[in-house]
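Before any comments, here is the structure.
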Amino acid sequence: MNTGKVDVLLGLQWGDEGKGKVVDVLTPRYDVVARFQGGPNAGHTLEFEDQKYVLRSIPSGIFQGGKVNIIGNGVVLAPDLFMGEAKDLEKSGHPLKERLKISKKAHLIMPTHRILDRAYEAAKGKNKVGTTGKGIGPTYTDKVSRNGLRVGDILSDFDRKYSEHKERHMKMLAALGWTDFEGFEETEKLWMEGIEYMKGFQFVDSEHEINNLLRSGKNILCEGAQGTMLDVDFGSYPFVTSSNTICAGACTGLGIGPNKVGNVYGIMKAYCTRVGAGPFPTELFDETGKKIRDLGHEYGAVTGRERRCGWIDLVQLRYSVMVDGVTELIMMKSDVLDSFETIKACVAYELPDGTRTEEFPYEIDDVKPIYKELPGWKQDMTKCKSEDEFPQAFRDYVSFLEQYLETRIGIISIGPDREQTIVRK
Ligand code: GDP
Ligand code: IMO
Ligand code: MG
């Protein structure tokens, strides 16, 4: 039988590695692009033909005709935000309705989920996660506690179901003492408009859809959101998101058997960033961190928040490569380090008891990074057209990373544009 293949593309750090750009670059090799977890907490940026787009819930394969894009069952969807995103894309000349299918099993983020998100964060006080405020945690909580509202529910007796869920949420908010409902009615109105708008799209049993496409020889690229360090099981818990961002999430979030997964592309920056609260061993609080933020324009695509910046952490990355089963690495934002005299890479942690480890530990709150220093290449790489043009010091950096991570770096990105991508031989 002529079956197609499923490849998975994931962030290996704390999100914002550049997944959107890579999906867009790789889309010509695939027939289908599918999102399997997360929701509008994601912000995936794509740049081509002097235009910049930020996608939140819609797969990054949407810009290329003839491709099927699927929002899988593992995703949580906010109808009002989805409508805004979809209408913007349609306005910019990218037809959606024939290219996008939505799983009936995807869960809906209700306006009250967003308020609950704020209320839970406020209740956590100084321990707050620093969520994106998009209602992600409360929606996944409802899913797991078997209280969720799904896309398929839109098709029958929806108003009654919505009211019951809203009432339950209101009781929870009252128990938390929450009184701030400013703008709620307008949001709810827009949300209901979003529900009507969504009816113009195809709601599908995406597990059947995907497996049938595979059987007919189509190739599928699964687009991860967030990053491995934000995975609810393996990330820096509790400072994580509420879904499985790791490779296994593609199986549960789309209904694909693990034996169907082929390549696993692990996306990493040449350094490291994080938005929101939580431990970050290689974080830089000095001028170097500021320089990385300025040169890399490290501000959140969704919330505009400053991203925390630091050196690449190979202990953390080796862990991600392990739990994701990465077969090929893709390194982003190499150009951001073009002007640095010295580059550092964390190769081990010193634990609070003074011992050294290269194995990612249970707690990373108080570990001290041990660095290897490498000479910078001090050359503008943004216009390089092939790897032959890369400076030697950069090649040495790449070889060192490949050796430590025991995985090949197959693609190197040297700027935000689609064209600034070097596929290695
Ligand atoms: P995602 O969430 O993983 O898709 O990543 P984001 O879009 O949140 O953040 C990545 C940012 O880096 C975006 O602004 C991209 O346009 C930009 N970017 C991607 N690749 C490169 C690169 O190689 N060099 C530079 N300078 N910017 C890049
Ligand atoms: P992309 O797909 C970076 C972070 C938030 C917060 C934590 C929990 O663009 O890489 P949530 O709203 O999910 O409950 O927030 O996770 N976070 C992200 N950080 N990139 C993302 O997505 C993120 N999505 C969530 O900042 O610390
Ligand atoms: Mg992002």
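As shown in the structure tokens, the chain order sets the letters A, B, ...; within each chain, residues go from 1, and ligands are also counted from 1 in the order they appear.
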
Note to self: Taking only C-alpha atoms and all ligand atoms and a cut-off of 9 Å, can you tell me which residues surround ligand 3, written as number ranges by chain?
What the structure shows: A: 15-20, 41-45, 54-56, 225-226, 300-302

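Look at A:Glu188: the protein and nucleic acid residues within 9 Å of it, using only C-alpha atoms and passing over chain neighbours fewer than 4 places away, are Asp80, Met110, Pro111, Thr112, Gly183, Phe184, Met192 and Glu193 of chain A.
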
For the residues in that selection, give me N, CA, C and O atoms as a PDB file, in the first residue's frame.
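This is the output file out.pdb:
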```pdb
ATOM      1  N   ASP A  80     -13.857  33.784  18.826  1.00  0.00           N
ATOM      2  CA  ASP A  80     -13.696  35.205  18.504  1.00  0.00           C
ATOM      3  C   ASP A  80     -12.293  35.494  17.971  1.00  0.00           C
ATOM      4  O   ASP A  80     -12.115  36.201  16.975  1.00  0.00           O
ATOM      5  N   MET A 110     -14.029  29.317  26.174  1.00  0.00           N
ATOM      6  CA  MET A 110     -15.158  30.229  26.399  1.00  0.00           C
ATOM      7  C   MET A 110     -14.662  31.541  27.011  1.00  0.00           C
ATOM      8  O   MET A 110     -13.597  31.574  27.625  1.00  0.00           O
ATOM      9  N   PRO A 111     -15.444  32.618  26.862  1.00  0.00           N
ATOM     10  CA  PRO A 111     -15.025  33.885  27.490  1.00  0.00           C
ATOM     11  C   PRO A 111     -14.776  33.708  28.985  1.00  0.00           C
ATOM     12  O   PRO A 111     -13.851  34.321  29.547  1.00  0.00           O
ATOM     13  N   THR A 112     -15.573  32.863  29.639  1.00  0.00           N
ATOM     14  CA  THR A 112     -15.378  32.649  31.081  1.00  0.00           C
ATOM     15  C   THR A 112     -14.081  31.888  31.384  1.00  0.00           C
ATOM     16  O   THR A 112     -13.520  32.017  32.470  1.00  0.00           O
ATOM     17  N   GLY A 183     -16.264  44.560  30.277  1.00  0.00           N
ATOM     18  CA  GLY A 183     -16.180  44.204  28.852  1.00  0.00           C
ATOM     19  C   GLY A 183     -16.699  42.814  28.527  1.00  0.00           C
ATOM     20  O   GLY A 183     -16.624  42.364  27.380  1.00  0.00           O
ATOM     21  N   PHE A 184     -17.239  42.125  29.543  1.00  0.00           N
ATOM     22  CA  PHE A 184     -17.628  40.726  29.315  1.00  0.00           C
ATOM     23  C   PHE A 184     -18.723  40.585  28.256  1.00  0.00           C
ATOM     24  O   PHE A 184     -18.651  39.718  27.386  1.00  0.00           O
ATOM     25  N   MET A 192     -19.904  34.841  20.238  1.00  0.00           N
ATOM     26  CA  MET A 192     -21.046  34.192  19.576  1.00  0.00           C
ATOM     27  C   MET A 192     -21.002  34.449  18.063  1.00  0.00           C
ATOM     28  O   MET A 192     -21.333  33.565  17.269  1.00  0.00           O
ATOM     29  N   GLU A 193     -20.545  35.655  17.688  1.00  0.00           N
ATOM     30  CA  GLU A 193     -20.360  35.932  16.241  1.00  0.00           C
ATOM     31  C   GLU A 193     -19.320  34.972  15.678  1.00  0.00           C
ATOM     32  O   GLU A 193     -19.445  34.476  14.553  1.00  0.00           O
TER      33      GLU A 193
END
```

Next item on the list: Check the smallest atom-to-atom distance from each of A:Val323, A:Ile195, A:Leu221, A:Met268 to A:Val23 using only C-alpha atoms, then report the winner.
Entry: A:Leu221

Margin query: What's around stretch 263-267 of chain A at 8 Å? Count only C-alpha atoms, leave out sequence neighbours fewer than 3 positions away in its own chain, and write the answer as a list in words.
Written below: Val6, Asp7, Val8, Leu9, Leu10, Gly11, Leu12, Glu17, Gly18, Lys19, Cys247, Val321, Asp324, Gly325, Val326, Thr327, Glu328, Leu329, Ile330, Met331 and Met332 of chain A

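For the choices A:Glu47, A:Asp180, A:Glu223, A:Asp153, the atom-to-atom distance to ligand 1 is smallest for A:Glu47 when using only C-alpha atoms and all ligand atoms.
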
So which residues touch stretch 336-345 of chain A within 8 Å, counting only C-alpha atoms, skipping near sequence neighbours fewer than 4 positions away, as an mmCIF file with C-alpha atoms, in the first residue's frame?
```cif
data_model
loop_
_atom_site.group_PDB
_atom_site.id
_atom_site.type_symbol
_atom_site.label_atom_id
_atom_site.label_comp_id
_atom_site.auth_asym_id
_atom_site.auth_seq_id
_atom_site.Cartn_x
_atom_site.Cartn_y
_atom_site.Cartn_z
ATOM 1 C CA ALA A 270 21.241 29.564 18.557
ATOM 2 C CA ILE A 292 20.500 39.465 22.420
ATOM 3 C CA LEU A 295 19.306 42.150 18.063
ATOM 4 C CA GLY A 296 16.819 39.267 18.107
ATOM 5 C CA TRP A 311 22.866 31.410 26.218
ATOM 6 C CA ILE A 312 22.028 28.089 24.624
ATOM 7 C CA ASP A 313 21.537 25.339 27.215
ATOM 8 C CA LEU A 314 22.753 21.986 25.925
ATOM 9 C CA TYR A 371 29.826 27.047 30.163
ATOM 10 C CA LYS A 372 32.087 26.220 27.285
ATOM 11 C CA GLU A 373 33.280 29.346 25.509
ATOM 12 C CA LEU A 374 33.618 29.420 21.760
ATOM 13 C CA PRO A 375 35.009 32.198 19.567
ATOM 14 C CA GLY A 376 32.398 34.310 17.767
ATOM 15 C CA TRP A 377 32.464 34.566 13.956
ATOM 16 C CA LYS A 378 31.971 38.353 13.800
ATOM 17 C CA GLN A 379 30.594 38.363 10.298
ATOM 18 C CA ASP A 380 27.185 39.203 8.839
ATOM 19 C CA MET A 381 25.610 35.914 7.740
#
```

Check: Could you pull out all residues of stretch 128-238 of chain A with a DSSP call of strand (DSSP E) and give them as a ChimeraX atom specification?
Finding: /A:202-204,220-223

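In this structure, atom CA of A:Ser386 sits 15.2 Å away from atom 22 (C, counted along the ligand's line) of ligand 1.
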
Next item on the list: Step one, run DSSP on the backbone; step two, keep only residues of stretch 278-319 of chain A assigned to alpha helix (DSSP H); then write them as a ChimeraX atom specification.
Entry: /A:287-295,314-319

For the residues in that selection, give me C-alpha atoms as an mmCIF file, in the first residue's frame.
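Dumped to result.cif:
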```cif
data_model
loop_
_atom_site.group_PDB
_atom_site.id
_atom_site.type_symbol
_atom_site.label_atom_id
_atom_site.label_comp_id
_atom_site.auth_asym_id
_atom_site.auth_seq_id
_atom_site.Cartn_x
_atom_site.Cartn_y
_atom_site.Cartn_z
ATOM 1 C CA GLU A 287 24.297 43.829 28.837
ATOM 2 C CA THR A 288 24.784 40.616 26.836
ATOM 3 C CA GLY A 289 21.188 39.548 27.567
ATOM 4 C CA LYS A 290 19.981 42.984 26.550
ATOM 5 C CA LYS A 291 22.050 42.837 23.367
ATOM 6 C CA ILE A 292 20.500 39.465 22.420
ATOM 7 C CA ARG A 293 17.006 40.875 23.101
ATOM 8 C CA ASP A 294 17.648 43.955 20.958
ATOM 9 C CA LEU A 295 19.306 42.150 18.063
ATOM 10 C CA LEU A 314 22.753 21.986 25.925
ATOM 11 C CA VAL A 315 21.788 20.067 29.078
ATOM 12 C CA GLN A 316 18.211 21.203 28.511
ATOM 13 C CA LEU A 317 18.392 20.616 24.755
ATOM 14 C CA ARG A 318 19.790 17.106 25.110
ATOM 15 C CA TYR A 319 16.818 16.321 27.371
#
```

Next item on the list: Pick out the closest residue to A:Pro361 from this set: A:Ser236, A:His165, A:Ile220, A:Phe285. Count only C-alpha atoms.
Entry: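 With only C-alpha atoms as the atom set, the closest residue is A:Ser236.
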
Next item on the list: For A:Ala123, work out the shell of residues within 12 Å, counting only C-alpha atoms and skipping chain neighbours fewer than 6 positions away, then give it as number ranges by chain.
Entry: A: 116-117, 129, 173, 175-178

Notebook entry, point to check: What does the distance from atom 18 (C, counted along the ligand's line) of ligand 2 to atom CA of A:Lys21 come to in Å, to one decimal?
Noted result: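 So the answer is 16.5 Å.
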
Check: Which neighbours of A:Lys333 fall inside 7 Å, counting only C-alpha atoms, when residues of the same chain fewer than 2 positions from it are skipped, and could you give them as JSON, numbers by chain?
Finding: {"A": [269, 270, 335, 336, 413, 414, 415]}

Selection from above, C-alpha atoms, as a compact mmCIF listing (two decimals), in the first residue's frame, can you write it?
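Writing the result to out02.txt gives the following:
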```txt
# COMPACT_ATOMS: atom_id res chain seq x y z
CA LYS A 269 17.47 29.08 18.65
CA ALA A 270 21.24 29.56 18.56
CA ASP A 335 22.45 35.75 12.65
CA VAL A 336 21.57 37.30 16.02
CA SER A 413 18.13 30.03 9.60
CA ILE A 414 19.95 33.33 9.20
CA GLY A 415 17.09 35.85 9.20
```

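Using only C-alpha atoms, the smallest distance between any of A:Tyr53, A:Pro79, A:Met322, A:Tyr349 and A:Ser92 comes from A:Tyr53.
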